[in-house]
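Below: one structure, written as structure tokens.
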Amino acid sequence: MSHNNPASTRLVPAERLSAITSLIAEGAVFEGNFHTPRDQGIKVDGRLNGNITFETGGTLHVGATGVIENTRLEADYVFIEGKVIGAVIARKALEITGSATLIGDANYDELIDMHPRARVRGKIEYRGDIDATQN
């Protein structure tokens, strides 16, 4: 298991993933809500039943073995390799890999990357200004 070198990402900066300090380990079950006003990171390799909210900043990494249910997730960067059942809000980048399952709606403000093999059931919605010119 390569816990120190994070999975390769296309949108989420690698240093954001490597700076993650909180971990729900594989085999662990967490019931409840994770909430912080600080720009931190959490990786979920186990199972979480509850919400994750970063008021500002924040990086959420749902590992390949991770399962998050009954949830509302909000962070700047959301990187999903595992399974999420619930609503996702990514203020900067949403990345859904080929091993990911997302059942629920996802909203993003800037960037999205969805692997062709990703399994998504729900709507994906861009929250930014549709008429703004792309730079």
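In the structure tokens, chains take the letters A, B, ... in the order shown, each chain's residues start at 1, and ligands count up from 1 in the order shown.
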
Report the closest atom pair, with its distance in Å rounded to one decimal, for each residue of region 9-47 of chain A that has an atom no farther than 7 Å from region 64-69 of chain A; count only C-alpha atoms, sort by chain and then rising residue number, and write it as CSV.
```
residue,atom,partner,partner_atom,distance
A:Glu26,CA,A:Thr65,CA,6.7
A:Val44,CA,A:Gly66,CA,5.3
A:Asp45,CA,A:Gly66,CA,4.0
A:Gly46,CA,A:Gly66,CA,4.8
A:Arg47,CA,A:Val67,CA,4.7
```

Please save C-alpha atoms of the selected residues as a compact mmCIF listing (two decimals), in the first residue's frame.
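selection-v6.txt written:
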```txt
# COMPACT_ATOMS: atom_id res chain seq x y z
CA GLU A 26 -9.35 1.07 5.85
CA VAL A 44 -11.29 8.30 3.77
CA ASP A 45 -10.11 4.72 3.16
CA GLY A 46 -12.71 3.23 5.49
CA ARG A 47 -16.41 3.97 5.87
```

Please run DSSP on the backbone and report, as an MDAnalysis selection string, all residues within chain A that come out as alpha helix (DSSP H).
-> chainID A and resid 14:18

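You can rank A:Phe79, A:Thr9, A:Gly128, A:Leu73 by their closest distance to Gly104 (chain A) using only C-alpha atoms, and at the top of that list sits A:Leu73.
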
Residue with smallest distance to Tyr77 (chain A) - pool A:Asn51, A:Ser99, A:Gly27, A:Leu111, counting only C-alpha atoms =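 Using only C-alpha atoms, Tyr77 (chain A) sits closest to A:Leu111.
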
Extract, using only C-alpha atoms, all DNA, RNA and protein residues at most 12 Å from Arg117 (chain A), discarding same-chain residues fewer than 3 positions from it, and format them as a PyMOL selection string.
-> chain A and resi 81+96-102+113-114+120

Restricted to N, CA, C and O atoms, what would the selected residues look like written as a short mmCIF file (atom, residue, chain, number, x, y, z; two decimals), in the first residue's frame?
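Final file, again_36.cif:
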```cif
data_model
loop_
_atom_site.label_atom_id
_atom_site.label_comp_id
_atom_site.auth_asym_id
_atom_site.auth_seq_id
_atom_site.Cartn_x
_atom_site.Cartn_y
_atom_site.Cartn_z
N GLU A 81 -12.01 8.19 -5.49
CA GLU A 81 -11.61 6.90 -6.08
C GLU A 81 -12.55 5.79 -5.63
O GLU A 81 -12.62 4.75 -6.26
N ILE A 96 -13.22 12.61 -10.53
CA ILE A 96 -13.87 11.32 -10.31
C ILE A 96 -13.11 10.30 -11.16
O ILE A 96 -13.12 10.38 -12.38
N THR A 97 -12.45 9.34 -10.50
CA THR A 97 -11.57 8.41 -11.21
C THR A 97 -12.34 7.22 -11.76
O THR A 97 -13.53 7.06 -11.51
N GLY A 98 -11.63 6.37 -12.47
CA GLY A 98 -12.25 5.20 -13.09
C GLY A 98 -12.74 4.16 -12.11
O GLY A 98 -13.57 3.32 -12.45
N SER A 99 -12.24 4.19 -10.87
CA SER A 99 -12.69 3.22 -9.86
C SER A 99 -13.84 3.78 -9.03
O SER A 99 -14.34 3.11 -8.13
N ALA A 100 -14.27 5.02 -9.31
CA ALA A 100 -15.23 5.71 -8.45
C ALA A 100 -16.67 5.37 -8.78
O ALA A 100 -17.02 5.10 -9.93
N THR A 101 -17.51 5.41 -7.73
CA THR A 101 -18.95 5.34 -7.87
C THR A 101 -19.53 6.54 -7.12
O THR A 101 -19.23 6.73 -5.94
N LEU A 102 -20.32 7.34 -7.80
CA LEU A 102 -20.99 8.48 -7.16
C LEU A 102 -22.49 8.34 -7.40
O LEU A 102 -22.93 8.32 -8.56
N ASP A 113 -13.07 16.72 -13.77
CA ASP A 113 -12.44 15.67 -14.57
C ASP A 113 -13.12 14.37 -14.18
O ASP A 113 -13.09 13.97 -13.02
N MET A 114 -13.76 13.74 -15.15
CA MET A 114 -14.45 12.49 -14.88
C MET A 114 -13.92 11.42 -15.81
O MET A 114 -13.96 11.59 -17.04
N VAL A 120 -21.49 7.12 -12.35
CA VAL A 120 -22.16 8.25 -11.71
C VAL A 120 -23.66 8.15 -11.97
O VAL A 120 -24.09 8.00 -13.11
#
```

Proximity to Lys123 (chain A) - best of A:Glu110, A:Ile80, A:Ile103, A:Gly41, only C-alpha atoms |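 Ranking A:Glu110, A:Ile80, A:Ile103, A:Gly41 by distance to Lys123 (chain A), first place goes to A:Ile103.
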
Using CA of Glu95 (chain A) and CA of Ile112 (chain A) as the two end points, give the distance in Å to one decimal.
->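 Here the two named atoms are 5.8 Å from each other.
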
List as an mmCIF file with N, CA and C atoms, in the first residue's frame the protein and nucleic acid residues near Lys43 (chain A), meaning an atom at most 6 Å away when only C-alpha atoms are counted, but skip any in the same chain fewer than 3 places from it.
```cif
data_model
loop_
_atom_site.group_PDB
_atom_site.id
_atom_site.type_symbol
_atom_site.label_atom_id
_atom_site.label_comp_id
_atom_site.auth_asym_id
_atom_site.auth_seq_id
_atom_site.Cartn_x
_atom_site.Cartn_y
_atom_site.Cartn_z
ATOM 1 N N LEU A 23 -7.106 10.947 8.644
ATOM 2 C CA LEU A 23 -7.319 9.707 7.899
ATOM 3 C C LEU A 23 -8.344 8.850 8.621
ATOM 4 N N LEU A 60 -10.623 16.770 0.075
ATOM 5 C CA LEU A 60 -11.208 15.498 0.451
ATOM 6 C C LEU A 60 -10.768 14.442 -0.547
ATOM 7 N N HIS A 61 -10.157 13.376 -0.044
ATOM 8 C CA HIS A 61 -9.724 12.266 -0.889
ATOM 9 C C HIS A 61 -10.457 11.012 -0.429
ATOM 10 N N VAL A 62 -11.356 10.507 -1.270
ATOM 11 C CA VAL A 62 -12.031 9.251 -0.986
ATOM 12 C C VAL A 62 -11.211 8.166 -1.670
#
```

For Gln40 (chain A), list every protein, DNA or RNA residue within 10 Å, evaluated using only C-alpha atoms, and leave out those in the same chain fewer than 3 positions away; present the list as a list in words.
-> Arg16, Ala19, Ile20, Thr21, Ser22, Thr36, Pro37, Phe54, Thr56, Gly57, Gly58, Thr59, Leu60 and Ala75 of chain A

Can I get the selection written as a compact mmCIF listing (two decimals), in the first residue's frame, with all heavy atoms?
```txt
# COMPACT_ATOMS: atom_id res chain seq x y z
N ARG A 16 -1.62 19.03 -2.50
CA ARG A 16 -2.84 19.08 -1.69
C ARG A 16 -3.10 17.71 -1.07
O ARG A 16 -3.50 17.61 0.08
CB ARG A 16 -4.05 19.49 -2.54
CG ARG A 16 -3.96 20.81 -3.24
CD ARG A 16 -4.32 22.02 -2.42
NE ARG A 16 -5.42 21.88 -1.50
CZ ARG A 16 -5.93 22.90 -0.82
NH1 ARG A 16 -5.44 24.12 -0.97
NH2 ARG A 16 -6.92 22.71 0.02
N ALA A 19 -0.59 16.75 1.69
CA ALA A 19 -0.71 17.56 2.90
C ALA A 19 -1.88 17.12 3.78
O ALA A 19 -2.13 17.71 4.81
CB ALA A 19 -0.86 19.03 2.53
N ILE A 20 -2.58 16.07 3.37
CA ILE A 20 -3.73 15.60 4.14
C ILE A 20 -3.28 15.08 5.50
O ILE A 20 -2.33 14.30 5.58
CB ILE A 20 -4.51 14.52 3.36
CG1 ILE A 20 -5.29 15.19 2.22
CG2 ILE A 20 -5.42 13.72 4.27
CD1 ILE A 20 -6.05 14.24 1.33
N THR A 21 -3.95 15.54 6.56
CA THR A 21 -3.54 15.18 7.92
C THR A 21 -4.50 14.22 8.60
O THR A 21 -4.09 13.50 9.50
CB THR A 21 -3.42 16.45 8.78
OG1 THR A 21 -4.63 17.20 8.63
CG2 THR A 21 -2.25 17.31 8.35
N SER A 22 -5.75 14.20 8.20
CA SER A 22 -6.72 13.33 8.86
C SER A 22 -7.00 12.12 7.99
O SER A 22 -7.10 12.23 6.77
CB SER A 22 -8.04 14.07 9.10
OG SER A 22 -7.83 15.21 9.89
N THR A 36 -14.66 21.66 9.69
CA THR A 36 -13.54 22.51 10.09
C THR A 36 -13.60 23.83 9.35
O THR A 36 -13.95 23.87 8.17
CB THR A 36 -12.18 21.83 9.86
OG1 THR A 36 -11.14 22.75 10.22
CG2 THR A 36 -11.98 21.42 8.41
N PRO A 37 -13.26 24.93 10.03
CA PRO A 37 -13.17 26.22 9.35
C PRO A 37 -11.82 26.39 8.66
O PRO A 37 -11.62 27.35 7.94
CB PRO A 37 -13.32 27.23 10.51
CG PRO A 37 -12.80 26.50 11.70
CD PRO A 37 -13.11 25.05 11.49
N PHE A 54 -15.70 21.63 4.75
CA PHE A 54 -14.61 22.60 4.91
C PHE A 54 -15.20 23.96 4.57
O PHE A 54 -15.60 24.18 3.43
CB PHE A 54 -13.45 22.29 3.97
CG PHE A 54 -12.75 20.99 4.27
CD1 PHE A 54 -13.12 19.83 3.64
CD2 PHE A 54 -11.71 20.96 5.18
CE1 PHE A 54 -12.47 18.63 3.91
CE2 PHE A 54 -11.05 19.76 5.46
CZ PHE A 54 -11.44 18.60 4.83
N THR A 56 -13.73 26.85 4.37
CA THR A 56 -12.86 27.44 3.36
C THR A 56 -11.78 26.43 3.04
O THR A 56 -11.35 25.67 3.92
CB THR A 56 -12.20 28.73 3.85
OG1 THR A 56 -11.48 28.44 5.05
CG2 THR A 56 -13.23 29.81 4.12
N GLY A 57 -11.34 26.42 1.79
CA GLY A 57 -10.28 25.50 1.40
C GLY A 57 -10.75 24.06 1.54
O GLY A 57 -11.91 23.74 1.35
N GLY A 58 -9.80 23.20 1.88
CA GLY A 58 -10.14 21.82 2.13
C GLY A 58 -9.91 20.91 0.96
O GLY A 58 -10.16 21.25 -0.20
N THR A 59 -9.37 19.73 1.27
CA THR A 59 -9.16 18.68 0.28
C THR A 59 -9.74 17.39 0.83
O THR A 59 -9.40 16.98 1.94
CB THR A 59 -7.66 18.47 0.01
OG1 THR A 59 -7.09 19.71 -0.42
CG2 THR A 59 -7.44 17.42 -1.08
N LEU A 60 -10.62 16.77 0.07
CA LEU A 60 -11.21 15.50 0.45
C LEU A 60 -10.77 14.44 -0.55
O LEU A 60 -10.95 14.61 -1.75
CB LEU A 60 -12.73 15.59 0.47
CG LEU A 60 -13.46 14.25 0.56
CD1 LEU A 60 -13.13 13.54 1.86
CD2 LEU A 60 -14.95 14.44 0.42
N ALA A 75 -15.89 20.94 -0.14
CA ALA A 75 -14.47 21.29 -0.01
C ALA A 75 -14.03 21.96 -1.30
O ALA A 75 -14.73 21.93 -2.31
CB ALA A 75 -13.63 20.03 0.23
```

Find the distance between CA of Leu11 (chain A) and CA of Ala118 (chain A) and write it in Å to one decimal.
-> 15.6 Å

Could you give me the residues within region 18-135 of chain A that DSSP places in strand (DSSP E), as a PyMOL selection string?
-> chain A and resi 22-24+29-31+34-36+41-44+47-49+52-54+59-62+67-80+83-96+101-103+106-108+111-114+119-121+124-126

Proximity to Ser8 (chain A) - best of A:Gly63, A:Pro116, A:Asn107, A:Asp129, only C-alpha atoms =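 Using only C-alpha atoms, Ser8 (chain A) sits closest to A:Gly63.
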